[in-house]
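So this one's target.txt, compact mmCIF, C-alpha atoms:
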```txt
# COMPACT_ATOMS: atom_id res chain seq x y z
CA MET T 1 1.84 -8.62 16.89
CA TYR T 2 1.44 -4.86 17.25
CA LEU T 3 3.65 -2.73 19.46
CA ASP T 4 2.00 -0.53 22.06
CA VAL T 5 1.18 2.92 20.73
CA VAL T 6 3.02 4.53 23.65
CA LYS T 7 6.29 2.87 22.61
CA LEU T 8 5.80 3.90 18.98
CA ASN T 9 5.06 7.47 20.00
CA GLU T 10 8.12 7.63 22.25
CA PHE T 11 10.39 6.22 19.53
CA TYR T 12 9.38 8.68 16.81
CA PHE T 13 9.09 11.82 18.89
CA ARG T 14 11.47 11.36 21.82
CA THR T 15 14.51 9.58 20.36
CA ARG T 16 17.07 10.83 17.87
CA THR T 17 16.84 7.62 15.85
CA GLY T 18 13.07 7.89 15.65
CA ARG T 19 13.15 11.51 14.53
CA PHE T 20 15.71 10.62 11.87
CA ALA T 21 13.58 7.68 10.67
CA GLY T 22 10.44 9.83 10.49
CA ALA T 23 12.23 12.55 8.52
CA ALA T 24 13.87 10.09 6.10
CA LEU T 25 10.61 8.25 5.41
CA GLY T 26 8.74 11.54 5.09
CA ASP T 27 11.19 12.73 2.43
CA ARG T 28 10.73 9.46 0.57
CA VAL T 29 6.94 9.71 0.64
CA ASP T 30 7.09 13.33 -0.53
CA ARG T 31 9.01 12.20 -3.61
CA ILE T 32 6.72 9.26 -4.38
CA TRP T 33 3.48 11.15 -3.78
CA SER T 34 4.50 14.62 -4.87
CA ASP T 35 0.96 15.63 -5.85
CA LEU T 36 -1.92 14.85 -3.50
CA THR T 37 -4.20 17.67 -4.59
CA GLY T 38 -7.83 16.70 -4.07
CA SER T 39 -6.91 13.28 -2.66
CA THR T 40 -8.38 11.39 0.29
CA VAL T 41 -5.53 9.60 2.06
CA VAL T 42 -6.21 6.79 4.54
CA ALA T 43 -3.24 5.70 6.64
CA PHE T 44 -3.20 2.55 8.79
CA GLY T 45 -0.88 1.37 11.57
CA PHE T 46 1.14 4.15 13.19
CA PRO T 47 1.31 6.71 10.36
CA ILE T 48 1.53 9.93 12.41
CA PRO T 49 5.23 10.58 11.60
CA LEU T 50 4.31 10.77 7.90
CA LEU T 51 0.86 12.35 8.10
CA SER T 52 2.34 15.68 9.18
CA ARG T 53 3.88 15.82 5.67
CA ILE T 54 0.80 14.44 3.89
CA LYS T 55 -2.11 16.23 5.56
CA PRO T 56 -1.31 19.79 4.33
CA ARG T 57 -1.12 18.56 0.71
CA ALA T 58 -4.21 16.33 0.64
CA GLU T 59 -7.86 17.27 0.65
CA ARG T 60 -8.56 14.82 3.47
CA ALA T 61 -6.41 12.56 5.66
CA ILE T 62 -7.51 9.87 8.11
CA ALA T 63 -5.34 7.89 10.53
CA LEU T 64 -6.64 4.42 11.45
CA MET T 65 -4.90 2.65 14.33
CA PRO T 66 -5.59 -1.00 15.25
CA GLY T 67 -7.16 -1.85 18.60
CA GLN T 68 -4.31 -4.24 19.47
CA GLN T 69 -1.92 -1.27 19.26
CA GLY T 70 -3.98 1.57 20.69
CA VAL T 71 -4.54 5.09 19.42
CA VAL T 72 -3.29 8.58 20.20
CA PRO T 73 -5.16 11.76 19.19
CA TRP T 74 -3.62 13.75 16.35
CA PRO T 75 -2.89 16.49 15.48
CA ALA T 76 -2.31 18.28 18.76
CA GLY T 77 -4.34 21.46 18.98
CA GLY T 78 -6.43 20.65 15.92
CA LEU T 79 -9.43 18.60 14.88
CA ASN T 80 -8.64 14.97 15.62
CA ILE T 81 -8.32 12.69 12.57
CA SER T 82 -7.02 9.64 14.43
CA VAL T 83 -9.47 6.75 14.84
CA LEU T 84 -9.30 3.37 16.59
CA ALA T 85 -10.31 0.65 14.10
CA GLU T 86 -10.49 -3.09 13.66
CA GLU T 87 -7.66 -4.03 11.29
CA THR T 88 -9.94 -6.01 8.97
CA ASP T 89 -13.11 -3.91 9.25
CA TRP T 90 -12.45 -0.23 8.65
CA PRO T 91 -15.27 2.29 9.26
CA LEU T 92 -15.10 3.48 5.65
CA HIS T 93 -17.21 3.01 2.53
CA ASP T 94 -16.09 0.94 -0.46
CA ALA T 95 -13.80 2.80 -2.88
CA SER T 96 -13.67 5.86 -0.60
CA ALA T 97 -9.87 6.43 -0.59
CA ASP T 98 -7.62 7.73 -3.37
CA ARG T 99 -4.45 6.66 -1.53
CA ILE T 100 -3.68 4.24 1.29
CA LEU T 101 -0.51 4.26 3.39
CA LEU T 102 0.59 1.37 5.61
CA LEU T 103 3.30 2.03 8.20
CA HIS T 104 3.77 -0.48 11.05
CA GLY T 105 0.64 -2.17 9.81
CA LEU T 106 1.22 -5.12 7.50
CA GLU T 107 4.25 -6.64 9.25
CA SER T 108 2.44 -6.52 12.62
CA SER T 109 -0.98 -7.70 11.48
CA ASP T 110 -2.46 -10.89 12.91
CA ASN T 111 -4.19 -11.45 9.56
CA PRO T 112 -2.24 -9.78 6.74
CA ALA T 113 -4.33 -11.39 3.99
CA ALA T 114 -7.57 -9.96 5.41
CA LEU T 115 -5.89 -6.59 5.95
CA LEU T 116 -4.87 -6.39 2.29
CA ASP T 117 -8.39 -7.39 1.25
CA GLU T 118 -9.74 -4.53 3.36
CA CYS T 119 -7.29 -2.13 1.72
CA TRP T 120 -8.51 -3.31 -1.68
CA ARG T 121 -12.14 -2.74 -0.66
CA VAL T 122 -11.58 0.82 0.57
CA LEU T 123 -9.28 1.92 -2.27
CA GLU T 124 -10.92 3.36 -5.37
CA PRO T 125 -10.38 1.67 -8.75
CA SER T 126 -6.83 2.40 -9.95
CA GLY T 127 -6.10 3.99 -6.55
CA ARG T 128 -2.58 3.71 -5.16
CA MET T 129 -1.30 2.15 -1.95
CA LEU T 130 2.14 2.65 -0.41
CA VAL T 131 3.34 -0.12 1.91
CA ILE T 132 6.37 0.38 4.17
CA VAL T 133 7.76 -2.71 5.93
CA PRO T 134 11.07 -3.76 7.54
CA ASN T 135 13.61 -5.08 5.06
CA ARG T 136 14.51 -8.69 5.82
CA ALA T 137 18.08 -8.08 4.62
CA GLY T 138 18.53 -4.72 6.39
CA LEU T 139 20.10 -3.78 9.71
CA TRP T 140 16.97 -2.18 11.16
CA ALA T 141 15.05 -5.48 11.19
CA ARG T 142 17.83 -6.99 13.32
CA ARG T 143 17.60 -4.45 16.13
CA ASP T 144 14.56 -4.74 18.36
CA ALA T 145 15.28 -1.35 19.93
CA THR T 146 13.36 0.13 16.98
CA PRO T 147 9.81 -0.71 15.82
CA PHE T 148 11.30 -2.14 12.62
CA GLY T 149 12.82 -4.98 14.66
CA HIS T 150 9.35 -6.36 15.41
CA GLY T 151 6.88 -8.24 13.24
CA ARG T 152 7.54 -9.98 9.92
CA PRO T 153 10.27 -8.44 7.73
CA TYR T 154 9.97 -8.74 3.96
CA THR T 155 12.13 -8.65 0.88
CA ALA T 156 10.82 -6.57 -2.01
CA GLY T 157 10.00 -9.75 -3.94
CA GLN T 158 8.05 -11.24 -1.04
CA LEU T 159 6.02 -8.08 -0.57
CA GLU T 160 5.25 -7.71 -4.27
CA SER T 161 4.16 -11.35 -4.45
CA GLU T 162 1.81 -10.95 -1.48
CA LEU T 163 0.30 -7.79 -2.95
CA SER T 164 -0.22 -9.52 -6.30
CA GLN T 165 -2.15 -12.32 -4.61
CA HIS T 166 -4.58 -9.71 -3.28
CA ARG T 167 -5.29 -7.93 -6.59
CA PHE T 168 -2.62 -5.23 -6.48
CA GLU T 169 -0.12 -4.47 -9.23
CA THR T 170 3.31 -3.09 -8.32
CA ALA T 171 3.95 0.35 -9.80
CA TRP T 172 7.25 1.15 -8.02
CA HIS T 173 9.50 -0.25 -5.32
CA GLY T 174 12.48 1.11 -3.42
CA ALA T 175 14.12 1.35 -0.02
CA ALA T 176 14.97 3.84 2.71
CA LEU T 177 16.84 4.11 6.04
CA PHE T 178 20.32 3.34 4.74
CA ALA T 179 22.14 4.67 7.82
CA PRO T 180 22.58 2.20 10.70
CA PRO T 181 19.94 2.32 13.50
CA SER T 182 22.31 4.03 15.94
CA ASP T 183 21.70 6.80 18.47
CA LYS T 184 25.19 8.20 17.92
CA GLY T 185 25.22 11.75 16.60
CA PHE T 186 27.65 10.96 13.77
CA TRP T 187 25.18 8.67 12.00
CA HIS T 188 22.36 11.18 12.36
CA ARG T 189 24.45 14.01 10.95
CA ALA T 190 25.50 11.81 8.05
CA GLY T 191 22.00 10.37 7.65
CA PRO T 192 20.80 12.64 4.78
CA ALA T 193 23.94 11.83 2.79
CA TRP T 194 23.38 8.10 3.36
CA GLU T 195 19.81 8.43 2.10
CA ARG T 196 20.87 10.27 -1.06
CA PHE T 197 23.60 7.73 -1.74
CA GLY T 198 21.27 4.79 -1.15
CA ARG T 199 18.59 6.15 -3.50
CA SER T 200 21.09 6.78 -6.29
CA SER T 201 23.00 3.48 -6.04
CA LEU T 202 22.37 -0.22 -6.50
CA LEU T 203 22.38 -0.77 -2.73
CA SER T 204 18.62 -0.67 -2.22
CA PHE T 205 18.83 -4.17 -0.71
CA ALA T 206 20.74 -2.60 2.20
CA GLY T 207 17.97 -0.20 3.21
CA GLY T 208 16.27 -0.63 6.56
CA VAL T 209 12.80 -0.65 5.02
CA VAL T 210 11.20 -1.74 1.77
CA LEU T 211 8.66 0.54 0.10
CA VAL T 212 6.26 -0.71 -2.56
CA GLU T 213 3.66 1.41 -4.32
CA ALA T 214 0.85 -0.69 -5.75
CA ILE T 215 -2.25 -0.03 -7.84
CA LYS T 216 -5.64 -1.61 -7.24
CA LYS T 217 -6.51 -4.03 -10.05
CA ILE T 218 -10.10 -4.66 -11.12
CA PRO T 219 -10.58 -8.20 -12.50
CA ALA T 220 -12.17 -8.42 -15.94
CA PRO T 221 -15.81 -9.55 -15.71
CA HIS T 222 -16.28 -13.24 -16.30
CA LYS T 223 -18.69 -14.01 -19.11
CA PRO T 224 -20.32 -17.45 -18.96
CA PRO T 225 -20.13 -19.49 -22.17
CA LEU T 226 -23.12 -19.38 -24.53
CA THR T 227 -25.57 -22.23 -24.21
CA GLU T 228 -26.27 -24.45 -27.22
CA ALA T 229 -29.79 -23.00 -27.52
CA VAL T 230 -28.42 -19.46 -27.76
CA LYS T 231 -25.83 -20.54 -30.32
CA ARG T 232 -28.60 -22.14 -32.45
CA ARG T 233 -30.67 -18.93 -32.35
CA LEU T 234 -27.63 -16.90 -33.39
CA ARG T 235 -27.05 -19.22 -36.37
CA ASP T 236 -30.71 -18.83 -37.38
CA LEU T 237 -30.37 -15.03 -37.22
CA GLU T 238 -27.23 -15.14 -39.36
CA GLU T 239 -29.10 -17.13 -42.01
CA ILE T 240 -31.95 -14.62 -42.02
CA ALA T 241 -29.50 -11.71 -42.32
CA SER T 242 -27.60 -13.41 -45.16
CA PRO T 243 -30.09 -15.65 -47.03
CA VAL T 244 -28.70 -18.19 -49.45
CA PRO T 245 -30.56 -18.09 -52.81
CA LYS T 246 -32.20 -21.37 -53.80
CA PRO T 247 -31.67 -22.77 -57.32
CA VAL T 248 -34.57 -22.18 -59.76
CA SER T 249 -36.08 -25.38 -61.16
CA GLY T 250 -37.70 -25.80 -64.64
CA ARG T 251 -37.20 -24.00 -67.92
CA MET T 252 -38.02 -20.40 -68.67
CA GLN T 253 -40.87 -19.83 -71.16
```
Serialized structure, structure tokens:
Amino acid sequence: MYLDVVKLNEFYFRTRTGRFAGAALGDRVDRIWSDLTGSTVVAFGFPIPLLSRIKPRAERAIALMPGQQGVVPWPAGGLNISVLAEETDWPLHDASADRILLLHGLESSDNPAALLDECWRVLEPSGRMLVIVPNRAGLWARRDATPFGHGRPYTAGQLESELSQHRFETAWHGAALFAPPSDKGFWHRAGPAWERFGRSSLLSFAGGVVLVEAIKKIPAPHKPPLTEAVKRRLRDLEEIASPVPKPVSGRMQ
């Protein structure tokens, strides 16, 4: 079930915890997708906190927001790139995106399997998708005062398994939001240090969100078995190409 877009907007842009979360996730995305030159990036859910970091580096960026959530225009003062869309029927051509970003999309979807199939359709062959979901083992999923406390949380293994079932191959996984989801100034001041420590340690299970980057897989074409008639013709051709000499009968004069 999707949160209302007004609540998401207020969290990320009017609360200290939301601004910290947006900055921490933005830093993580910058490291994962350091080069977006010439790329078309499609983002679904509520991706605005991250698109401000992505849009200047990509050739084209599009924000798709589900009808159950609602949409807000973005960016302010510029040409709007934010579009209301059905979660399983995006207004985009097949293989039209180089990258896809899901933030507050998969965990809230009424039909996650169909959503992932739609991502696969829109992503170009060998294109990359970055999925950000609440971590089932993290503190952020246990506090409903943040958007990460709503919807279905995942472990990294659960998310990778679901992506694999929908023709995606995991290229990288990690975590973010290691500081507690608190509005107290101490945690926000210490937040960057927590993020650095979390990325460099074995405590990724303690992050508030799981991030998985996946690559679109193209199944190998299925070739039907040869019929018996075709096999017989092939054997006849082999005999013509490599004739077997017949023995010569009689005596030479």
Find the residues near stretch 122-132 of chain T: any atom within 8 Å, counting all atoms listed in the file, skip ones fewer than 4 places away on the same chain, and give them as a short mmCIF file (atom, residue, chain, number, x, y, z; two decimals) with C-alpha atoms, keeping the file's coordinate frame.
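The result, written out as result35.cif:
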```
data_model
loop_
_atom_site.label_atom_id
_atom_site.label_comp_id
_atom_site.auth_asym_id
_atom_site.auth_seq_id
_atom_site.Cartn_x
_atom_site.Cartn_y
_atom_site.Cartn_z
CA LEU T 92 -15.10 3.48 5.65
CA HIS T 93 -17.21 3.01 2.53
CA ASP T 94 -16.09 0.94 -0.46
CA ALA T 95 -13.80 2.80 -2.88
CA SER T 96 -13.67 5.86 -0.60
CA ALA T 97 -9.87 6.43 -0.59
CA ASP T 98 -7.62 7.73 -3.37
CA ARG T 99 -4.45 6.66 -1.53
CA ILE T 100 -3.68 4.24 1.29
CA LEU T 101 -0.51 4.26 3.39
CA LEU T 102 0.59 1.37 5.61
CA LEU T 103 3.30 2.03 8.20
CA HIS T 104 3.77 -0.48 11.05
CA LEU T 106 1.22 -5.12 7.50
CA GLU T 118 -9.74 -4.53 3.36
CA VAL T 209 12.80 -0.65 5.02
CA VAL T 210 11.20 -1.74 1.77
CA LEU T 211 8.66 0.54 0.10
CA VAL T 212 6.26 -0.71 -2.56
CA GLU T 213 3.66 1.41 -4.32
CA ALA T 214 0.85 -0.69 -5.75
CA ILE T 215 -2.25 -0.03 -7.84
CA LYS T 216 -5.64 -1.61 -7.24
CA LYS T 217 -6.51 -4.03 -10.05
CA ILE T 218 -10.10 -4.66 -11.12
#
```
Practice task
Kindly give the distance, in Å, that separates atom CA of T:Tyr154 and atom CA of T:Ala141, rounded to a single decimal.
Solution key: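 Here the two named atoms are 9.4 Å from each other.
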Problem - Straight-line distance linking atom CA of T:Pro180 with atom CA of T:Gly157, stated in Å to one decimal - result: 22.7 Å
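Of note, atom CA of T:Trp172 and atom CA of T:Ile32 are spaced 8.9 Å apart.
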Fill in the blank from the handout: Closest of T:Gly18, T:Gly151, T:Gly38, T:Pro75 to T:Pro112, counting all atoms listed in the file, is T:Gly151
Practice task
Place a sphere of radius 7 Å on (-7.8, 10.3, 3.9) in the file coordinates and name every protein, DNA or RNA residue with an atom inside or on its surface, counting only C-alpha atoms; give the answer as a PyMOL selection string.
Solution key: chain T and resi 40-42+60-62+97
Handout entry: Pick from T:Gly208, T:Tyr2, T:Ala176, T:Phe168, whichever lies nearest to T:Arg28 using all atoms listed in the file
Key =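 Going through T:Gly208, T:Tyr2, T:Ala176, T:Phe168 one by one, the smallest distance to T:Arg28 is for T:Ala176.
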Handout entry: Distance criterion (all atoms listed in the file): nearest to T:Lys184 out of T:Lys7, T:Trp33, T:Gln68, T:Thr17
Key = T:Thr17
Exercise for the section: Fewer than 5 positions away in the same chain doesn't count, so skip those; otherwise give me all residues within 10 Å of T:Leu139, counting all atoms listed in the file, as a ChimeraX atom specification. Expected result: /T:134,148-149,177-181,206-209
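Distances from T:Glu107, T:Glu195, T:Asp183, T:Glu162 to T:Pro147 were compared using only C-alpha atoms, and the smallest one belongs to T:Glu107.
Comparing T:Leu115, T:Ala145, T:Ala76, T:Val6 by their smallest distance to T:Phe44, the closest is T:Leu115 (using all atoms listed in the file).
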